[in-house]
$ cat work.cif   # mmCIF, C-alpha atoms
data_work
#
loop_
_atom_site.label_atom_id
_atom_site.label_comp_id
_atom_site.auth_asym_id
_atom_site.auth_seq_id
_atom_site.Cartn_x
_atom_site.Cartn_y
_atom_site.Cartn_z
CA MET A 772 -52.64 -6.20 0.08
CA ARG A 773 -56.10 -6.28 1.60
CA MET A 774 -56.20 -8.02 4.95
CA ARG A 775 -58.77 -10.63 5.79
CA PRO A 776 -61.01 -9.82 8.74
CA GLY A 777 -60.62 -12.03 11.79
CA ALA A 778 -63.32 -14.63 12.29
CA LEU A 779 -65.64 -14.35 15.25
CA CYS A 780 -65.71 -17.22 17.74
CA PRO A 781 -68.73 -19.53 18.05
CA HIS A 782 -71.25 -18.92 20.80
CA GLY A 783 -72.06 -21.66 23.21
CA ARG A 784 -75.03 -23.35 24.75
CA VAL A 785 -76.19 -22.56 28.24
CA GLY A 786 -77.72 -25.43 30.12
CA ALA A 787 -80.41 -25.67 32.76
CA ALA A 788 -80.83 -22.79 35.20
CA ALA A 789 -79.15 -22.95 38.58
CA SER A 790 -81.33 -22.93 41.68
CA VAL A 791 -81.75 -19.37 43.03
CA ALA A 792 -84.32 -17.32 44.85
CA PRO A 793 -87.81 -17.79 43.31
CA GLU A 794 -88.20 -14.06 42.57
CA ARG A 795 -85.12 -13.89 40.31
CA MET A 796 -83.99 -16.90 38.27
CA ARG A 797 -80.73 -16.54 36.34
CA HIS A 798 -80.28 -18.42 33.06
CA THR A 799 -76.74 -19.84 33.41
CA ALA A 800 -74.69 -22.90 32.66
CA PRO A 801 -74.66 -25.74 35.26
CA GLY A 802 -71.68 -26.41 37.45
CA PRO A 803 -69.47 -24.06 39.48
CA ALA A 804 -70.24 -20.38 39.27
CA ARG A 805 -68.07 -18.50 36.82
CA PRO A 806 -66.19 -15.37 37.87
CA ALA A 807 -67.28 -12.01 36.56
CA LEU A 808 -66.38 -11.48 32.91
CA GLY A 809 -66.04 -7.70 32.98
CA PRO A 810 -68.47 -5.38 31.20
CA ARG A 811 -71.59 -7.05 29.89
CA PRO A 812 -71.76 -7.01 26.07
CA LEU A 813 -74.28 -4.70 24.45
CA PRO A 814 -77.54 -6.14 23.08
CA GLY A 815 -76.80 -7.51 19.64
CA PHE A 816 -73.08 -7.84 20.36
CA ARG A 817 -71.42 -11.18 21.08
CA SER A 818 -68.35 -11.43 23.24
CA GLU A 819 -65.15 -12.79 21.71
CA LEU A 820 -64.66 -15.03 24.76
CA LEU A 821 -64.48 -18.71 24.00
CA PRO A 822 -67.36 -20.83 25.34
CA GLY A 823 -66.66 -23.11 28.26
CA PRO A 824 -67.35 -26.81 28.71
CA GLY A 825 -70.97 -27.80 28.19
CA ASP A 826 -71.73 -24.73 26.10
CA CYS A 827 -73.81 -25.03 22.94
CA ALA A 828 -74.43 -23.11 19.77
CA ASP A 829 -78.12 -22.17 19.88
CA GLU A 830 -78.30 -20.12 23.09
CA PRO A 831 -76.21 -17.16 24.25
CA CYS A 832 -73.04 -17.53 26.32
CA ASP A 833 -73.87 -14.53 28.48
CA ALA A 834 -76.23 -15.04 31.41
CA PHE A 835 -79.39 -12.96 31.68
CA VAL A 836 -81.93 -12.64 34.45
CA VAL A 837 -85.36 -14.27 34.23
CA GLU A 838 -87.67 -13.11 37.00
CA GLU A 839 -90.57 -15.10 38.38
CA THR A 840 -93.74 -13.05 38.77
CA GLU A 841 -97.28 -13.69 39.94
CA LYS A 842 -98.36 -14.35 36.36
CA GLY A 843 -95.36 -16.32 35.22
CA PHE A 844 -91.90 -15.13 34.15
CA GLN A 845 -90.34 -12.06 32.61
CA CYS A 846 -87.01 -10.86 31.25
CA ARG A 847 -85.88 -7.26 30.73
CA MET A 848 -83.31 -6.18 28.17
CA GLU A 849 -81.83 -2.82 27.26
CA VAL A 850 -81.93 -2.19 23.53
CA PRO A 851 -81.10 1.11 21.77
CA SER A 852 -84.19 2.65 20.20
CA PRO A 853 -82.76 2.56 16.62
CA LEU A 854 -82.92 -1.25 16.81
CA TYR A 855 -86.60 -1.47 17.84
CA LYS A 856 -87.75 -1.62 14.22
CA TYR A 857 -85.86 -4.87 13.62
CA ILE A 858 -87.73 -6.58 16.46
CA ILE A 859 -91.06 -5.17 15.32
CA GLY A 860 -90.63 -5.91 11.62
CA LYS A 861 -92.81 -4.81 8.71
CA LYS A 862 -96.32 -4.11 10.01
CA GLY A 863 -95.33 -5.79 13.27
CA GLU A 864 -94.91 -9.21 11.63
CA THR A 865 -91.58 -10.11 13.27
CA LYS A 866 -92.84 -9.28 16.77
CA LYS A 867 -96.07 -11.22 16.22
CA ARG A 868 -94.19 -14.27 14.96
CA LEU A 869 -91.82 -14.22 17.95
CA GLU A 870 -94.72 -13.94 20.38
CA THR A 871 -96.68 -16.73 18.70
CA GLU A 872 -93.81 -19.19 18.39
CA THR A 873 -92.51 -18.64 21.93
CA ARG A 874 -95.92 -18.06 23.57
CA THR A 875 -94.76 -14.80 25.10
CA SER A 876 -95.68 -11.12 25.07
CA ILE A 877 -93.03 -8.60 24.05
CA SER A 878 -93.41 -4.99 25.23
CA ILE A 879 -91.36 -2.43 23.28
CA PRO A 880 -91.09 1.31 24.09
CA LYS A 881 -92.35 3.85 21.58
CA PRO A 882 -90.02 4.68 18.66
CA GLY A 883 -87.27 7.07 19.69
CA VAL A 884 -87.86 6.52 23.41
CA GLU A 885 -85.03 4.80 25.25
CA GLY A 886 -86.15 2.12 27.67
CA GLU A 887 -86.31 -1.60 28.39
CA ILE A 888 -87.91 -4.29 26.27
CA VAL A 889 -89.86 -6.63 28.54
CA ILE A 890 -90.58 -10.24 27.61
CA THR A 891 -93.30 -11.98 29.65
CA GLY A 892 -94.75 -15.48 29.50
CA GLN A 893 -96.24 -18.28 31.55
CA HIS A 894 -93.30 -20.58 30.88
CA ARG A 895 -89.68 -19.75 31.63
CA SER A 896 -88.48 -21.73 28.60
CA GLY A 897 -90.60 -19.55 26.33
CA VAL A 898 -89.17 -16.35 27.80
CA ILE A 899 -85.63 -17.70 27.41
CA SER A 900 -86.33 -18.71 23.81
CA ALA A 901 -87.73 -15.28 22.94
CA ARG A 902 -84.78 -13.51 24.54
CA THR A 903 -82.30 -15.72 22.71
CA ARG A 904 -83.97 -15.16 19.36
CA ILE A 905 -84.07 -11.40 19.87
CA ASP A 906 -80.35 -11.44 20.74
CA VAL A 907 -79.55 -13.31 17.52
CA LEU A 908 -81.76 -10.97 15.51
CA LEU A 909 -80.13 -7.85 16.93
CA ASP A 910 -76.67 -9.34 16.50
CA SER A 911 -77.32 -9.68 12.78
CA PHE A 912 -78.72 -6.20 12.25
CA ARG A 913 -76.22 -4.41 14.47
CA LYS A 914 -73.39 -5.66 12.25
CA LYS A 915 -75.05 -3.89 9.33
CA GLN A 916 -75.20 -0.51 11.07
CA PRO A 917 -72.68 2.12 9.93
CA PHE A 918 -70.11 2.87 12.61
CA THR A 919 -70.70 5.96 14.75
CA HIS A 920 -67.42 6.26 16.70
CA PHE A 921 -63.82 5.10 16.43
CA LEU A 922 -60.69 4.93 18.57
CA SER A 923 -58.05 7.22 17.12
CA PHE A 924 -54.68 8.89 17.50
CA ALA A 925 -54.80 12.48 16.19
CA LEU A 926 -52.14 13.32 13.59
CA ASN A 927 -53.28 16.87 12.87
CA GLN A 928 -50.38 18.71 14.47
CA PRO A 929 -49.38 21.86 12.48
CA ALA A 930 -46.07 20.43 11.23
CA ILE A 931 -47.76 17.28 9.91
CA GLN A 932 -50.52 19.33 8.27
CA GLU A 933 -47.95 21.50 6.53
CA LYS A 934 -46.09 18.51 5.09
CA PHE A 935 -49.38 16.89 4.07
CA LEU A 936 -50.36 20.01 2.11
CA GLN A 937 -46.94 19.91 0.44
CA PHE A 938 -47.56 16.26 -0.47
CA LYS A 939 -50.96 17.14 -1.91
CA GLU A 940 -49.56 20.01 -3.98
CA GLU A 941 -46.73 17.91 -5.42
CA VAL A 942 -49.01 14.97 -6.23
CA LEU A 943 -51.43 17.21 -8.11
CA GLU A 944 -48.57 18.88 -9.94
CA LYS A 945 -46.74 15.71 -10.99
CA CYS A 946 -49.48 13.09 -11.25
CA SER A 947 -52.66 14.71 -12.53
CA LYS A 948 -51.58 16.48 -15.75
CA GLN A 949 -52.39 15.52 -19.35
CA THR A 950 -49.52 13.55 -20.89
CA GLN A 951 -48.74 11.90 -24.20
CA MET A 952 -49.05 8.13 -24.43
CA CYS A 953 -46.34 6.41 -26.50
CA ARG A 954 -47.78 3.14 -27.65
CA PRO A 955 -50.26 2.11 -30.38
CA ARG A 956 -53.86 2.46 -29.23
CA ARG A 957 -56.05 0.74 -31.85
CA ALA A 958 -56.49 0.20 -35.59
CA VAL A 959 -58.94 2.41 -37.50
CA THR A 960 -59.97 2.74 -41.14
CA SER A 961 -59.42 5.93 -43.08
CA VAL A 962 -62.69 7.28 -44.45
CA SER A 963 -61.09 8.70 -47.61
CA SER A 964 -58.83 5.82 -48.60
CA ARG A 965 -60.69 2.92 -46.99
CA THR A 966 -57.32 1.61 -45.86
CA SER A 967 -56.40 0.52 -42.39
CA CYS A 968 -53.83 2.44 -40.41
CA TRP A 969 -52.62 2.58 -36.80
CA VAL A 970 -53.50 5.65 -34.77
CA LEU A 971 -50.62 6.18 -32.40
CA ALA A 972 -51.57 6.96 -28.85
CA SER A 973 -48.94 9.71 -28.91
CA ARG A 974 -51.52 11.73 -30.80
CA LEU A 975 -54.17 11.06 -28.17
CA PRO A 976 -53.57 13.04 -24.93
CA ARG A 977 -54.53 11.05 -21.87
CA CYS A 978 -54.20 11.50 -18.10
CA GLN A 979 -51.06 9.77 -16.86
CA ASP A 980 -52.60 8.92 -13.49
CA HIS A 981 -56.26 8.44 -14.24
CA GLY A 982 -58.65 9.66 -11.57
CA VAL A 983 -56.21 11.73 -9.50
CA SER A 984 -57.85 14.98 -8.34
CA SER A 985 -57.89 17.31 -5.33
CA SER A 986 -61.19 15.81 -4.12
CA LEU A 987 -59.40 12.59 -3.11
CA PHE A 988 -57.35 14.10 -0.31
CA GLN A 989 -58.07 13.94 3.42
CA ASN A 990 -58.95 17.09 5.33
CA PRO A 991 -55.60 18.00 6.98
CA SER A 992 -57.37 18.89 10.25
CA LYS A 993 -58.69 15.33 10.47
CA LEU A 994 -55.50 13.36 9.84
CA HIS A 995 -55.49 10.40 12.22
CA LEU A 996 -54.75 6.76 12.94
CA THR A 997 -57.83 4.58 13.32
CA LEU A 998 -57.50 1.71 15.82
CA GLY A 999 -61.02 0.34 15.56
CA THR A 1000 -64.62 1.32 14.85
CA LEU A 1001 -67.68 1.12 17.11
CA VAL A 1002 -71.44 1.21 16.67
CA LEU A 1003 -72.77 3.17 19.68
CA LEU A 1004 -76.46 3.85 19.23
CA ASN A 1005 -77.39 5.83 22.35
CA GLU A 1006 -75.90 7.77 25.25
CA GLN A 1007 -75.78 4.69 27.46
CA GLU A 1008 -73.57 2.84 24.99
CA ILE A 1009 -71.29 5.86 24.58
CA GLN A 1010 -70.97 6.02 28.36
CA LYS A 1011 -70.03 2.33 28.52
CA ALA A 1012 -67.30 2.90 25.94
CA CYS A 1013 -65.95 5.88 27.90
CA GLU A 1014 -65.94 3.86 31.10
CA LEU A 1015 -64.00 1.04 29.43
CA LEU A 1016 -61.49 3.54 28.07
CA GLN A 1017 -61.02 4.85 31.60
CA ARG A 1018 -60.45 1.32 32.89
CA CYS A 1019 -57.85 0.85 30.18
CA LYS A 1020 -56.12 3.99 31.43
CA GLU A 1021 -56.13 2.63 34.99
CA ASP A 1022 -54.74 -0.72 33.83
CA PHE A 1023 -52.23 0.43 31.22
CA VAL A 1024 -51.11 3.84 32.49
CA ASP A 1025 -51.86 4.54 36.14
CA LYS A 1026 -50.56 1.29 37.62
CA HIS A 1027 -46.93 1.18 38.68
CA THR A 1028 -44.69 -1.55 37.34
CA GLY A 1029 -41.25 -1.12 38.84
CA ARG A 1030 -40.04 2.49 38.92
CA GLY A 1031 -42.43 5.32 38.15
CA ASN A 1032 -45.51 5.19 35.93
CA HIS A 1033 -45.40 2.77 33.02
CA VAL A 1034 -47.75 1.39 30.44
CA LEU A 1035 -47.59 -2.40 30.60
CA LEU A 1036 -48.28 -3.83 27.18
CA ILE A 1037 -49.49 -7.39 26.80
CA PRO A 1038 -49.22 -9.19 23.46
CA PRO A 1039 -52.62 -9.99 21.85
CA GLY A 1040 -54.22 -13.26 22.89
CA LYS A 1041 -52.93 -13.11 26.47
CA LEU A 1042 -56.15 -11.98 28.18
CA CYS A 1043 -57.57 -14.27 30.86
CA ARG A 1044 -61.06 -15.50 30.04
CA GLU A 1045 -62.14 -15.37 33.67
CA SER A 1046 -61.11 -11.86 34.63
CA GLN A 1047 -60.25 -10.08 31.37
CA ARG A 1048 -56.90 -9.15 32.93
CA PRO A 1049 -53.50 -9.80 31.31
CA SER A 1050 -52.06 -13.27 31.90
CA LEU A 1051 -48.32 -13.55 31.20
CA GLY A 1052 -45.57 -15.97 32.11
CA ARG A 1053 -42.35 -14.74 33.73
CA ALA A 1054 -40.43 -14.71 30.45
CA GLU A 1055 -43.20 -12.75 28.75
CA GLN A 1056 -43.36 -10.32 31.64
CA LYS A 1057 -39.68 -9.54 31.12
CA GLN A 1058 -40.26 -9.04 27.40
CA ALA A 1059 -43.41 -6.95 27.79
CA SER A 1060 -42.82 -3.47 26.45
CA GLN A 1061 -43.12 -0.53 28.84
CA ILE A 1062 -43.46 3.20 28.27
CA ALA A 1063 -41.55 4.84 31.11
CA GLY A 1064 -42.70 7.92 32.96
CA GLY A 1065 -46.04 8.23 31.22
CA LYS A 1066 -44.34 10.00 28.30
CA PRO A 1067 -45.93 10.46 24.85
CA LEU A 1068 -45.03 8.11 22.02
CA THR A 1069 -42.64 9.61 19.47
CA VAL A 1070 -43.60 8.35 16.02
CA GLU A 1071 -42.63 9.14 12.45
CA VAL A 1072 -45.04 9.41 9.55
CA ALA A 1073 -43.16 8.48 6.40
CA GLY A 1074 -43.82 6.71 3.11
CA VAL A 1075 -47.07 5.83 1.35
CA GLU A 1076 -48.75 2.52 0.54
CA TYR A 1077 -52.01 1.44 -1.10
CA MET A 1078 -54.79 -0.59 0.49
CA ASN A 1079 -56.11 -2.74 -2.37
CA ASP A 1080 -54.64 -5.35 -4.73
CA ASP A 1081 -53.88 -3.33 -7.87
CA PRO A 1082 -52.02 0.01 -7.65
CA ALA A 1083 -53.56 1.00 -10.99
CA MET A 1084 -57.00 0.72 -9.36
CA THR A 1085 -56.36 2.34 -5.98
CA ASP A 1086 -59.17 3.31 -3.60
CA VAL A 1087 -57.19 4.15 -0.46
CA LEU A 1088 -53.65 5.53 -0.21
CA TYR A 1089 -52.23 5.84 3.28
CA ALA A 1090 -49.14 7.14 5.05
CA LYS A 1091 -47.14 4.63 7.09
CA VAL A 1092 -46.54 5.24 10.80
CA HIS A 1093 -43.84 3.72 13.00
CA MET A 1094 -42.10 4.34 16.32
CA LYS A 1095 -39.03 6.54 15.96
CA ASP A 1096 -36.99 4.20 18.17
CA GLY A 1097 -37.89 1.22 15.98
CA SER A 1098 -39.86 -0.56 18.69
CA ASP A 1099 -43.35 -2.05 18.31
CA ARG A 1100 -44.84 -0.23 21.30
CA LEU A 1101 -47.41 1.64 19.21
CA GLN A 1102 -48.58 -1.61 17.62
CA LEU A 1103 -48.84 -3.32 21.01
CA ILE A 1104 -50.85 -0.47 22.51
CA ALA A 1105 -53.24 -0.51 19.54
CA ASP A 1106 -53.67 -4.29 19.66
CA GLN A 1107 -54.15 -4.31 23.43
CA LEU A 1108 -56.82 -1.60 23.40
CA VAL A 1109 -58.74 -3.17 20.55
CA GLU A 1110 -58.64 -6.59 22.23
CA ARG A 1111 -60.11 -5.09 25.40
CA PHE A 1112 -62.94 -3.46 23.44
CA VAL A 1113 -63.62 -6.63 21.45
CA ALA A 1114 -63.70 -8.75 24.63
CA SER A 1115 -66.18 -6.33 26.22
CA GLY A 1116 -68.55 -6.66 23.25
CA LEU A 1117 -68.26 -2.99 22.30
CA MET A 1118 -66.30 -3.66 19.11
CA LEU A 1119 -66.29 -6.35 16.44
CA LYS A 1120 -63.00 -7.99 15.61
CA GLU A 1121 -61.91 -7.04 12.10
CA TRP A 1122 -58.23 -7.99 11.87
CA ASP A 1123 -55.80 -10.24 13.73
CA ARG A 1124 -53.72 -7.10 14.34
CA VAL A 1125 -54.51 -3.42 13.98
CA LYS A 1126 -53.47 -2.05 10.60
CA LEU A 1127 -51.61 1.15 11.55
CA HIS A 1128 -52.17 3.67 8.77
CA ALA A 1129 -53.10 7.29 8.20
CA THR A 1130 -55.40 7.73 5.20
CA VAL A 1131 -54.23 10.56 2.92
CA MET A 1132 -56.27 9.80 -0.21
CA ASN A 1133 -59.60 8.00 -0.44
CA THR A 1134 -62.02 7.64 -3.34
CA LEU A 1135 -64.93 7.92 -0.89
CA PHE A 1136 -63.99 11.59 -0.50
CA ARG A 1137 -64.99 12.35 -4.10
CA LYS A 1138 -68.67 12.52 -3.24
CA ASP A 1139 -68.45 12.98 0.54
CA PRO A 1140 -65.46 14.88 1.96
CA SER A 1141 -66.47 13.82 5.48
CA ALA A 1142 -66.61 10.10 4.64
CA GLU A 1143 -64.43 7.70 6.59
CA GLU A 1144 -63.11 4.37 5.45
CA ARG A 1145 -64.29 1.40 7.50
CA ASN A 1146 -61.70 -1.36 7.43
CA ASN A 1147 -64.28 -4.11 7.21
CA THR A 1148 -64.97 -6.10 4.05
CA MET A 1149 -68.29 -7.28 5.47
CA THR A 1150 -69.86 -3.83 5.16
CA GLY A 1151 -70.01 -1.02 2.69
CA LYS A 1152 -69.93 -3.27 -0.38
CA SER A 1153 -72.25 -0.98 -2.29
CA SER A 1154 -69.92 1.98 -1.75
CA PHE A 1155 -67.07 0.10 -3.48
CA LYS A 1156 -69.23 -0.34 -6.58
CA GLU A 1157 -69.88 3.39 -6.72
CA ARG A 1158 -66.21 4.33 -6.35
CA GLU A 1159 -64.06 5.72 -9.11
CA SER A 1160 -60.62 4.28 -8.46
CA PHE A 1161 -57.44 6.13 -9.41
CA ASN A 1162 -54.11 5.04 -10.86
CA GLY A 1163 -51.62 5.32 -8.00
CA ARG A 1164 -48.55 3.78 -9.65
CA ASN A 1165 -46.66 7.02 -10.22
CA ILE A 1166 -47.60 8.37 -6.79
CA LEU A 1167 -46.15 5.24 -5.23
CA LYS A 1168 -42.95 5.60 -7.25
CA LEU A 1169 -42.43 9.32 -6.69
CA PHE A 1170 -43.54 9.52 -3.06
CA GLU A 1171 -42.61 6.07 -1.77
CA ASN A 1172 -40.46 7.60 1.00
CA PHE A 1173 -42.15 10.99 1.44
CA TYR A 1174 -41.50 12.27 4.96
CA PHE A 1175 -44.58 13.77 6.63
CA GLY A 1176 -42.79 14.44 9.90
CA GLU A 1177 -42.43 13.44 13.53
CA VAL A 1178 -45.27 13.64 16.04
CA GLN A 1179 -45.85 13.07 19.75
CA LEU A 1180 -48.85 10.83 20.50
CA ASP A 1181 -50.09 11.38 24.04
CA SER A 1182 -53.69 10.15 23.96
CA VAL A 1183 -56.19 7.75 22.39
CA ARG A 1184 -59.55 9.34 21.68
CA LEU A 1185 -63.05 7.99 21.34
CA SER A 1186 -63.90 10.09 18.28
CA GLN A 1187 -67.36 10.77 16.92
CA ARG A 1188 -67.88 10.27 13.21
CA PHE A 1189 -69.18 13.20 11.11
CA SER A 1190 -68.25 15.80 13.72
CA SER A 1191 -65.71 18.57 14.36
CA ASP A 1192 -64.29 20.32 17.40
CA ALA A 1193 -62.75 23.79 17.62
CA SER A 1194 -59.49 22.57 16.06
CA GLY A 1195 -61.27 20.95 13.12
CA TYR A 1196 -60.60 17.44 14.44
CA TYR A 1197 -63.38 15.02 15.36
CA ALA A 1198 -65.38 15.71 18.52
CA THR A 1199 -64.08 13.60 21.41
CA SER A 1200 -66.46 11.56 23.59
CA GLY A 1201 -63.73 10.08 25.78
CA GLN A 1202 -59.96 10.03 26.06
CA LEU A 1203 -57.09 7.93 27.42
CA THR A 1204 -54.05 10.12 28.13
CA PHE A 1205 -50.55 8.69 28.51
CA SER A 1206 -48.78 11.71 29.99
#
$ encode --input "work.cif" --output "structure tokens"
Amino acid sequence: MRMRPGALCPHGRVGAAASVAPERMRHTAPGPARPALGPRPLPGFRSELLPGPGDCADEPCDAFVVEETEKGFQCRMEVPSPLYKYIIGKKGETKKRLETETRTSISIPKPGVEGEIVITGQHRSGVISARTRIDVLLDSFRKKQPFTHFLSFALNQPAIQEKFLQFKEEVLEKCSKQTQMCRPRRAVTSVSSRTSCWVLASRLPRCQDHGVSSSLFQNPSKLHLTLGTLVLLNEQEIQKACELLQRCKEDFVDKHTGRGNHVLLIPPGKLCRESQRPSLGRAEQKQASQIAGGKPLTVEVAGVEYMNDDPAMTDVLYAKVHMKDGSDRLQLIADQLVERFVASGLMLKEWDRVKLHATVMNTLFRKDPSAEERNNTMTGKSSFKERESFNGRNILKLFENFYFGEVQLDSVRLSQRFSSDASGYYATSGQLTFS
């Protein structure tokens, strides 16, 4: 039942630099100039765009500026302060090794101070090499950072909360009581008679659904759909994410397609490499789903499913969400938004398609009620070892079709992890509103 994360694309080689003004030399691939690729990926993030002809695997796809100075060459790069330590290394060893091997000098701001890292050297090739190696280094460590924000649909409307609390009460009443087992447990030897006998499990009370407790349940004020997670390490990165969300609103909501306002939804994989704009044939344009009049999406939350392979060893139980009219518009919106964020470099690709689910029970909540599940098998492995799974078989049988209610979804939020607003939901850094 677990989904495999989508594989990231390879990164290509960039060839010799094109001839430009002596003061500013841009490290790019040879041949015709490429059109703008949209927002520049964050340091340590690689774009999902496929490399073009002549690209190679040991240098970054994305161009960066190398300036010629009186003393040689230099390159500036914006890096969030939490990542400085990975460039510096233990007792400065990583920084010293980079400087020695590339014959450059690397200037890093003081810890906690946001600013530019400046690479200088007498040879342009050395500066390029240092920059490339720092990019690869940051790419590796950024993937290990816990996520800070996520794109979400809020499901904490009062009616949904009320039904969720009913679900919680009934689960605890029916699936967490002591019951009698009815099969032989094990053979033991009587102390008095020294004869073997079978101790029936019917005499040994045991929990029917092992591990089910009130600590597993989501906070009803924070019920939501997660579209994708982001690692945003400073205010500049948060601002970039908000700006991209606004551009998505302009592209998907504000533009007119036919009569009135519509959201034009493009199936995943149909983004142009050159412009990051949808590229559809005529037949696909006719089939593209539209949300007329900028109206909210009417969805139903009904039924439960488990996230892992064995229902007897469940870690995450979630409610299923679908469009009331039976269409796949919600899925297409989710996939389209995530693809835009992945292409910009702000988000790592985790699945081929967004897994639409609303977590209702999670074993991470046992020790940390504010914990959030990251749908990424590449991270958080240690947390799985510390989990105490629960037996969800009876919950799945009894509540397979439990109806949580109907809800109107009118916005996608850039939500901040480990936070709360006045309503109890996550604090919102940015928002895309449909209506």
$ residues_near_point --input "work.cif" --point "(-95.9, -17.4, 29.2)" --cutoff "9 Å" --atoms "only C-alpha atoms" --output "ChimeraX atom specification"
/A:842-845,873-876,891-898
$ write_last_selection --input "work.cif" --atoms "C-alpha atoms" --output "mmCIF file, keeping the file's coordinate frame"
data_model
loop_
_atom_site.group_PDB
_atom_site.id
_atom_site.type_symbol
_atom_site.label_atom_id
_atom_site.label_comp_id
_atom_site.auth_asym_id
_atom_site.auth_seq_id
_atom_site.Cartn_x
_atom_site.Cartn_y
_atom_site.Cartn_z
ATOM 1 C CA LYS A 842 -98.360 -14.350 36.360
ATOM 2 C CA GLY A 843 -95.360 -16.320 35.220
ATOM 3 C CA PHE A 844 -91.900 -15.130 34.150
ATOM 4 C CA GLN A 845 -90.340 -12.060 32.610
ATOM 5 C CA THR A 873 -92.510 -18.640 21.930
ATOM 6 C CA ARG A 874 -95.920 -18.060 23.570
ATOM 7 C CA THR A 875 -94.760 -14.800 25.100
ATOM 8 C CA SER A 876 -95.680 -11.120 25.070
ATOM 9 C CA THR A 891 -93.300 -11.980 29.650
ATOM 10 C CA GLY A 892 -94.750 -15.480 29.500
ATOM 11 C CA GLN A 893 -96.240 -18.280 31.550
ATOM 12 C CA HIS A 894 -93.300 -20.580 30.880
ATOM 13 C CA ARG A 895 -89.680 -19.750 31.630
ATOM 14 C CA SER A 896 -88.480 -21.730 28.600
ATOM 15 C CA GLY A 897 -90.600 -19.550 26.330
ATOM 16 C CA VAL A 898 -89.170 -16.350 27.800
#
$ resolve_selection --input "work.cif" --expression "the PyMOL selection byres ((chain A and resi 999) around 6)" --output "NGL selection string"
:A and (921-922 or 997-998 or 1000)
$ write_last_selection --input "work.cif" --atoms "C-alpha atoms" --output "mmCIF file, keeping the file's coordinate frame"
data_model
loop_
_atom_site.group_PDB
_atom_site.id
_atom_site.type_symbol
_atom_site.label_atom_id
_atom_site.label_comp_id
_atom_site.auth_asym_id
_atom_site.auth_seq_id
_atom_site.Cartn_x
_atom_site.Cartn_y
_atom_site.Cartn_z
ATOM 1 C CA PHE A 921 -63.820 5.100 16.430
ATOM 2 C CA LEU A 922 -60.690 4.930 18.570
ATOM 3 C CA THR A 997 -57.830 4.580 13.320
ATOM 4 C CA LEU A 998 -57.500 1.710 15.820
ATOM 5 C CA THR A 1000 -64.620 1.320 14.850
#
$ residues_around --input "work.cif" --residues "Pro851 in chain A" --least-positions-apart "4" --cutoff "8 Å" --atoms "only C-alpha atoms" --output "PyMOL selection string"
chain A and resi 855+885-886+1004-1005
$ closest_residue --input "work.cif" --among "A:Lys914, A:Lys867, A:Lys1095, A:Lys862" --to "Lys1120 in chain A" --atoms "all atoms listed in the file"
A:Lys914
$ atom_distance --input "work.cif" --atom1 "CA of Ala1129 in chain A" --atom2 "CA of Arg1100 in chain A"
17.2 Å
$ residues_around --input "work.cif" --residues "range 900-902 of chain A" --least-positions-apart "4" --cutoff "9 Å" --atoms "only C-alpha atoms" --output "PyMOL selection string"
chain A and resi 830+835+846-848+869-870+872-875+877+890+895-896+906-907
$ atom_distance --input "work.cif" --atom1 "CA of Leu1103 in chain A" --atom2 "CA of Glu1008 in chain A"
25.8 Å
$ residues_near_point --input "work.cif" --point "(-47.4, -3.8, -0.2)" --cutoff "12 Å" --atoms "all atoms listed in the file" --output "PyMOL selection string"
chain A and resi 772-774+1074-1082+1088-1089+1091+1167+1171
